[in-house]
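**Student:** File target.cif follows (mmCIF, C-alpha atoms):
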data_model
loop_
_atom_site.label_atom_id
_atom_site.label_comp_id
_atom_site.auth_asym_id
_atom_site.auth_seq_id
_atom_site.Cartn_x
_atom_site.Cartn_y
_atom_site.Cartn_z
CA MET A 962 123.55 -16.30 30.66
CA GLN A 963 120.38 -16.45 28.63
CA ALA A 964 121.99 -18.62 25.99
CA GLU A 965 123.26 -21.01 28.59
CA GLN A 966 119.83 -21.38 30.16
CA ASP A 967 118.33 -22.13 26.79
CA SER A 968 120.84 -24.82 26.11
CA LEU A 969 120.11 -26.36 29.50
CA GLU A 970 116.40 -26.54 28.88
CA LYS A 971 116.49 -27.52 25.24
CA VAL A 972 118.21 -30.85 25.25
CA VAL A 973 118.03 -32.76 22.00
CA CYS A 974 118.62 -36.50 21.98
CA GLU A 975 118.49 -38.82 19.00
CA THR A 976 118.81 -42.51 18.46
CA GLU A 977 118.11 -45.16 15.88
CA VAL A 978 116.15 -48.27 16.83
CA GLU A 979 115.34 -51.38 14.87
CA ILE A 980 111.96 -53.10 14.91
CA LYS A 981 112.67 -56.63 16.11
CA ASN A 982 109.23 -58.16 16.73
CA ALA A 983 107.89 -60.24 13.86
CA ASP A 984 104.65 -58.36 13.27
CA GLY A 985 106.25 -54.93 13.23
CA LEU A 986 104.80 -51.70 14.54
CA HIS A 987 101.12 -52.54 14.24
CA MET A 988 98.45 -50.81 16.28
CA ARG A 989 99.07 -52.39 19.68
CA PRO A 990 102.82 -51.72 19.71
CA ALA A 991 102.19 -48.25 18.32
CA MET A 992 99.80 -47.57 21.20
CA GLN A 993 102.38 -48.72 23.74
CA PHE A 994 104.89 -46.40 22.10
CA VAL A 995 102.51 -43.43 22.16
CA ASP A 996 101.52 -44.16 25.79
CA ILE A 997 105.14 -44.00 26.90
CA ALA A 998 105.91 -40.99 24.71
CA ASN A 999 103.03 -39.08 26.29
CA GLN A 1000 104.47 -39.56 29.77
CA PHE A 1001 107.21 -37.10 28.88
CA ASP A 1002 107.30 -33.35 28.30
CA SER A 1003 109.72 -33.49 25.38
CA ASP A 1004 108.59 -33.15 21.80
CA ILE A 1005 109.16 -36.49 20.11
CA THR A 1006 109.48 -37.14 16.41
CA VAL A 1007 109.94 -40.52 14.76
CA SER A 1008 111.05 -41.04 11.19
CA ASN A 1009 111.79 -43.74 8.70
CA ASN A 1010 113.54 -42.67 5.52
CA GLU A 1011 110.42 -41.19 3.99
CA THR A 1012 108.17 -39.85 6.69
CA GLU A 1013 108.62 -37.96 9.93
CA VAL A 1014 105.76 -38.14 12.41
CA ASP A 1015 104.75 -37.05 15.90
CA GLY A 1016 105.69 -39.84 18.32
CA LYS A 1017 102.77 -38.90 20.57
CA SER A 1018 100.07 -39.41 17.91
CA ILE A 1019 98.72 -42.90 17.30
CA MET A 1020 97.35 -41.97 13.86
CA GLN A 1021 100.70 -40.61 12.75
CA MET A 1022 102.69 -43.50 14.21
CA SER A 1023 100.48 -45.87 12.21
CA MET A 1024 101.69 -44.12 9.07
CA LEU A 1025 105.24 -45.40 9.49
CA ALA A 1026 104.36 -48.93 8.32
CA ALA A 1027 107.42 -50.06 10.26
CA THR A 1028 107.79 -53.72 9.38
CA TYR A 1029 110.22 -56.16 11.00
CA GLY A 1030 113.77 -54.93 10.40
CA THR A 1031 112.78 -51.31 9.81
CA LYS A 1032 115.08 -48.75 11.37
CA LEU A 1033 113.46 -45.72 12.93
CA LYS A 1034 115.09 -42.53 14.07
CA ILE A 1035 113.68 -41.19 17.34
CA LYS A 1036 114.36 -37.58 18.23
CA ALA A 1037 113.40 -36.03 21.55
CA GLU A 1038 113.63 -32.36 22.35
CA GLY A 1039 113.09 -31.06 25.87
CA SER A 1040 114.28 -31.27 29.44
CA ASP A 1041 113.61 -35.01 29.75
CA ALA A 1042 114.87 -35.96 26.28
CA ALA A 1043 117.47 -38.42 27.53
CA LYS A 1044 114.88 -40.33 29.53
CA VAL A 1045 112.58 -40.46 26.51
CA ILE A 1046 115.22 -42.07 24.38
CA SER A 1047 116.12 -44.67 26.95
CA ALA A 1048 112.48 -45.60 27.67
CA LEU A 1049 111.52 -45.91 24.01
CA ARG A 1050 114.64 -47.83 23.07
CA GLU A 1051 113.92 -50.30 25.85
CA LEU A 1052 110.33 -50.77 24.61
CA VAL A 1053 111.30 -51.31 20.97
CA GLU A 1054 114.60 -53.20 21.13
CA GLU A 1055 114.64 -54.94 24.51
CA LYS A 1056 111.01 -55.64 25.29
CA LEU A 1057 109.99 -55.99 21.63
CA PHE A 1058 106.62 -54.54 22.72
CA GLY A 1059 106.08 -57.81 24.61
CA GLU A 1060 105.80 -59.65 21.29
CA PRO A 1061 107.73 -62.56 19.77
CA ALA A 1062 110.71 -62.21 17.46
CA PRO A 1063 110.40 -63.99 14.07
CA MET B 350 99.53 -49.74 -1.16
CA LYS B 351 96.41 -47.97 -2.43
CA PHE B 352 92.79 -48.12 -1.30
CA ALA B 353 91.84 -49.87 -4.53
CA ASP B 354 94.34 -52.65 -3.69
CA PHE B 355 92.49 -53.80 -0.59
CA VAL B 356 89.14 -52.03 -0.13
CA CYS B 357 86.18 -54.11 -1.32
CA PHE B 358 83.97 -51.41 -2.85
CA LYS B 359 81.10 -53.87 -3.27
CA ALA B 360 81.00 -54.34 0.51
CA THR B 361 80.64 -50.65 1.37
CA ILE B 362 77.73 -49.80 3.67
CA PRO B 363 76.78 -46.10 3.22
CA GLU B 364 74.46 -46.17 6.23
CA LEU B 365 74.96 -48.83 8.86
CA GLN B 366 71.77 -50.20 10.40
CA ALA B 367 73.51 -51.01 13.65
CA HIS B 368 73.80 -48.38 16.36
CA ASP B 369 76.36 -50.22 18.44
CA ARG B 370 79.95 -51.34 17.92
CA ASP B 371 79.40 -55.10 17.79
CA GLY B 372 76.44 -54.74 15.44
CA ALA B 373 78.41 -52.52 13.07
CA ILE B 374 81.29 -55.00 12.99
CA ALA B 375 78.91 -57.91 12.31
CA GLU B 376 77.26 -55.95 9.50
CA LEU B 377 80.56 -55.18 7.80
CA VAL B 378 81.85 -58.74 8.15
CA SER B 379 78.60 -60.02 6.68
CA SER B 380 78.90 -57.55 3.82
CA LEU B 381 82.41 -58.84 3.01
CA ASP B 382 81.04 -62.37 3.14
CA LYS B 383 78.25 -61.54 0.68
CA ALA B 384 80.85 -59.97 -1.62
CA GLY B 385 82.62 -63.34 -1.64
CA LYS B 386 85.73 -62.15 0.19
CA LEU B 387 85.70 -64.64 3.07
CA GLY B 388 86.32 -68.35 3.37
CA LYS B 389 83.15 -70.42 3.57
CA GLY B 390 81.34 -70.39 6.89
CA LYS B 391 83.85 -68.02 8.46
CA CYS B 392 81.49 -65.11 8.95
CA LYS B 393 80.47 -65.63 12.58
CA GLU B 394 83.90 -66.74 13.69
CA LEU B 395 85.47 -63.70 12.08
CA ALA B 396 83.02 -61.20 13.59
CA GLY B 397 83.72 -62.77 17.00
CA ALA B 398 87.47 -62.42 16.48
CA VAL B 399 87.20 -58.74 15.51
CA ILE B 400 85.01 -57.98 18.52
CA LYS B 401 87.37 -59.85 20.83
CA ARG B 402 90.29 -57.78 19.50
CA GLU B 403 88.24 -54.62 19.90
CA LYS B 404 87.59 -55.44 23.55
CA GLU B 405 91.31 -55.73 24.24
CA ALA B 406 91.88 -52.17 23.05
CA SER B 407 89.59 -49.86 21.14
CA THR B 408 90.52 -49.08 17.56
CA GLY B 409 88.49 -45.87 17.81
CA MET B 410 91.43 -43.62 17.06
CA GLY B 411 89.58 -40.37 17.57
CA LYS B 412 88.10 -37.79 15.21
CA GLY B 413 85.11 -40.00 14.36
CA ILE B 414 87.16 -42.88 12.96
CA ALA B 415 87.45 -46.53 14.00
CA VAL B 416 89.56 -49.18 12.32
CA PRO B 417 88.51 -52.53 13.79
CA HIS B 418 90.84 -55.23 12.52
CA VAL B 419 92.11 -58.74 13.02
CA LYS B 420 94.46 -61.24 11.44
CA HIS B 421 92.47 -64.29 10.42
CA LYS B 422 92.69 -67.34 8.22
CA ALA B 423 89.33 -66.47 6.62
CA VAL B 424 91.21 -64.33 4.10
CA LYS B 425 94.16 -64.95 1.79
CA ASP B 426 94.79 -61.29 1.12
CA VAL B 427 94.26 -58.03 3.01
CA VAL B 428 90.68 -56.83 2.58
CA ALA B 429 88.69 -53.92 3.99
CA ALA B 430 85.07 -52.80 4.10
CA ILE B 431 83.87 -49.30 4.93
CA GLY B 432 80.69 -48.46 6.80
CA GLN B 433 79.27 -45.12 7.79
CA SER B 434 76.85 -44.04 10.49
CA SER B 435 75.26 -40.61 10.40
CA ALA B 436 73.97 -41.03 13.97
CA GLY B 437 77.38 -42.08 15.26
CA ILE B 438 78.44 -45.23 17.12
CA ASP B 439 80.07 -45.60 20.51
CA PHE B 440 83.38 -47.38 19.94
CA SER B 441 84.89 -46.42 23.32
CA ALA B 442 87.17 -44.24 21.23
CA LEU B 443 90.34 -42.68 22.60
CA ASP B 444 88.78 -39.22 22.49
CA LYS B 445 85.41 -40.55 23.82
CA GLN B 446 83.64 -39.18 20.74
CA SER B 447 81.21 -41.05 18.50
CA VAL B 448 82.46 -42.84 15.41
CA TYR B 449 80.99 -41.98 12.01
CA SER B 450 83.31 -43.90 9.67
CA VAL B 451 84.24 -47.51 10.35
CA ILE B 452 86.95 -49.21 8.34
CA LEU B 453 87.04 -52.95 8.95
CA LEU B 454 90.37 -54.47 7.98
CA ILE B 455 90.98 -58.22 7.78
CA SER B 456 94.51 -59.46 7.18
CA PRO B 457 95.91 -62.92 6.56
CA VAL B 458 97.73 -64.49 9.51
CA ASP B 459 101.11 -64.70 7.79
CA GLU B 460 101.39 -61.32 6.04
CA PRO B 461 102.26 -58.80 8.77
CA ASP B 462 103.95 -56.43 6.31
CA LYS B 463 100.90 -56.13 4.05
CA HIS B 464 98.75 -55.42 7.10
CA LEU B 465 101.07 -52.56 8.06
CA GLN B 466 101.04 -51.17 4.53
CA ALA B 467 97.24 -51.13 4.45
CA MET B 468 97.19 -49.36 7.83
CA GLU B 469 99.73 -46.85 6.57
CA ASN B 470 97.50 -46.05 3.63
CA ILE B 471 94.39 -45.72 5.78
CA PHE B 472 95.95 -43.33 8.26
CA ARG B 473 97.88 -41.31 5.69
CA HIS B 474 94.51 -40.21 4.34
CA LEU B 475 92.44 -40.26 7.53
CA GLN B 476 94.75 -37.88 9.33
CA HIS B 477 93.59 -35.14 6.94
CA GLU B 478 90.48 -33.36 8.15
CA LYS B 479 89.40 -32.73 4.57
CA PHE B 480 89.41 -36.43 3.75
CA ARG B 481 87.47 -37.34 6.91
CA LYS B 482 84.91 -34.67 6.10
CA PHE B 483 84.51 -35.80 2.49
CA LEU B 484 84.11 -39.39 3.63
CA ARG B 485 81.37 -38.45 6.07
CA GLN B 486 79.57 -36.52 3.35
CA CYS B 487 79.40 -39.55 1.02
CA ARG B 488 75.85 -40.80 0.72
CA ASP B 489 76.20 -43.91 -1.41
CA MET B 490 78.64 -46.63 -2.45
CA VAL B 491 79.63 -44.89 -5.67
CA GLN B 492 80.56 -41.67 -3.91
CA ILE B 493 82.75 -43.58 -1.46
CA GLU B 494 84.46 -45.50 -4.25
CA ASP B 495 85.04 -42.27 -6.20
CA LEU B 496 86.51 -40.55 -3.15
CA LEU B 497 88.90 -43.41 -2.40
CA ARG B 498 90.00 -43.70 -6.02
CA GLU B 499 90.57 -39.97 -6.12
CA ALA B 500 92.62 -40.22 -2.93
CA ASP B 501 94.70 -42.96 -4.56
CA GLU B 502 95.61 -40.56 -7.35
CA SER B 503 96.10 -37.40 -5.33
CA SER B 504 98.50 -36.82 -2.48
CA SER B 505 96.51 -33.87 -1.17
CA LEU B 506 93.45 -35.90 -0.18
#
What does this structure look like when you write it as structure tokens?

**Tutor:**
Amino acid sequence: MQAEQDSLEKVVCETEVEIKNADGLHMRPAMQFVDIANQFDSDITVSNNETEVDGKSIMQMSMLAATYGTKLKIKAEGSDAAKVISALRELVEEKLFGEPAP
Amino acid sequence: MKFADFVCFKATIPELQAHDRDGAIAELVSSLDKAGKLGKGKCKELAGAVIKREKEASTGMGKGIAVPHVKHKAVKDVVAAIGQSSAGIDFSALDKQSVYSVILLISPVDEPDKHLQAMENIFRHLQHEKFRKFLRQCRDMVQIEDLLREADESSSL
């Protein structure tokens, strides 16, 4: 029973998103990302090929240097992980952080 | 990208005269201008643009650090100037704390990738408490230049 409860609470969701706004993940988009990430309980990590950072920290997100076309892996771990992934994917790939494409 | 690739060491201000955000930004822009890094007559316009950007959302990222920045045609390449305040400056920072180290970053309008690479470099080092502490302890331009050059060579700083 214990194991089953654990698996219920510890949901892990992962996705890959592509940066599609021309200016990339500069400070304003990064802040939008962190603002949304912080609305959830799940632990969120974001990585490019080289670096893995805390998706709730603006300083760390600024270290990704995610230019236009960069693919980022977002991993959420917690009860609301699925919602995290869908909200962040929408921000990055559908809303383009409210910024223009190239 | 390394600090030495974009930080103008000649424009460093070890102790800012200004005690407020807008004054500190104006001082650093003027310092870059005196170092010959800006297009002619762009000083005032540029300071205004940085302050306008700052009003939209504070670049006071917490832990005593602010990174005011703007993309502007006054520069052809990414350039930064560092200023310090021992008294601390109110930047309306995210953590509501005073700012002791200000890194002003000016990027060309059409080089978004270089801007991101400079930011990556800045935050890779600034996220370390040791680096922030060392930076605050610097008392003159040479010490700041030495620290940044050392950071360029060492991954642990």

**Student:** Glu469 in chain B: which residues within 6 Å, counting all atoms listed in the file, same-chain residues fewer than 2 positions away excluded, as a list in words?

**Tutor:**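 The residues that qualify are Ser1023, Met1024 and Ala1026 of chain A; Gln466, Ala467, Ile471, Phe472 and Arg473 of chain B.
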
**Student:** Find the residues of chain A in contact range of chain B, meaning any atom within 10 Å when counting only C-alpha atoms, and list them as a list in words.

**Tutor:**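 Only these qualify: Ala983, Asp984, Gly985, Leu986, His987, Met988, Arg989, Met992, Ser1018, Ile1019, Met1020, Gln1021, Met1022, Ser1023, Met1024, Leu1025, Ala1026, Ala1027, Thr1028 and Tyr1029 of chain A.
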
**Student:** When the PyMOL selection byres ((chain A and resi 1008) around 8) is applied to the file above, which residues end up in the set, as a ChimeraX atom specification?

**Tutor:** /A:1006-1007,1009-1014,1025,1033-1035

**Student:** Check what the PyMOL selection byres ((chain A and resi 1040) around 9) selects in the file above and give those residues as JSON, numbers by chain.

**Tutor:** {"A": [969, 970, 971, 972, 973, 1002, 1003, 1038, 1039, 1041, 1042, 1043]}

**Student:** Considering all atoms listed in the file, can you say which of B:Ala423, B:Met350, B:Ile414, B:Leu496 comes closest to Asp439 in chain B?

**Tutor:**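 Answer, going by the shortest atom-to-atom distance: B:Ile414.
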
**Student:** For the structure shown, which residues end up in the PyMOL selection byres ((chain B and resi 429-438) around 6)? Put them as a list in words, please?

**Tutor:**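 Applied to this file, the PyMOL selection byres ((chain B and resi 429-438) around 6) returns Phe355, Val356, Cys357, Ala360, Thr361, Ile362, Pro363, Glu364, Leu365, His368, Asp369, Val428, Asp439, Ser447, Val448, Tyr449, Ser450, Val451, Ile452, Leu453 and Leu454 of chain B.
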
**Student:** If I wrap all listed atoms of range 988-1001 of chain A in a box with edges along x, y and z and add 4 Å on each side, what are its centre and edge lengths in Å to one decimal, as AutoDock Vina command-line options?

**Tutor:**
--center_x 102.8 --center_y -44.7 --center_z 23.0 --size_x 16.8 --size_y 23.3 --size_z 21.5

**Student:** Enter the distance from CA of Phe358 in chain B to CA of Lys401 in chain B, in Å, rounded to one decimal.

**Tutor:**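 Taking CA of Phe358 in chain B and CA of Lys401 in chain B, their separation equals 25.4 Å.
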
**Student:** Compile the contact shell of Asp501 in chain B as a list in words: residues with an atom at most 8 Å away, counting only C-alpha atoms, same-chain residues fewer than 6 positions apart removed.

**Tutor:** Lys351, Phe352 and Ala353 of chain B

**Student:** What does the file look like for those residues with C-alpha atoms, as a short mmCIF file (atom, residue, chain, number, x, y, z; two decimals), in the coordinates of the input?

**Tutor:**
data_model
loop_
_atom_site.label_atom_id
_atom_site.label_comp_id
_atom_site.auth_asym_id
_atom_site.auth_seq_id
_atom_site.Cartn_x
_atom_site.Cartn_y
_atom_site.Cartn_z
CA LYS B 351 96.41 -47.97 -2.43
CA PHE B 352 92.79 -48.12 -1.30
CA ALA B 353 91.84 -49.87 -4.53
#

**Student:** Here is a test: counting all atoms listed in the file, which residue of A:Asp996, A:Val978, A:Lys1036, A:Phe1001 is nearest to Glu1055 in chain A?

**Tutor:**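 The answer is A:Val978, which sits nearest to Glu1055 in chain A.
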
**Student:** Mind giving me the straight-line distance from CA of Asp382 in chain B to CA of Ala415 in chain B in Å, one decimal?

**Tutor:**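 Spanning CA of Asp382 in chain B to CA of Ala415 in chain B is a straight-line distance of 20.2 Å.
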
**Student:** Could you tell me how far CA of Lys393 in chain B lies from CA of Ala373 in chain B, in Å and to one decimal?

**Tutor:**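 Spanning CA of Lys393 in chain B to CA of Ala373 in chain B is a straight-line distance of 13.3 Å.
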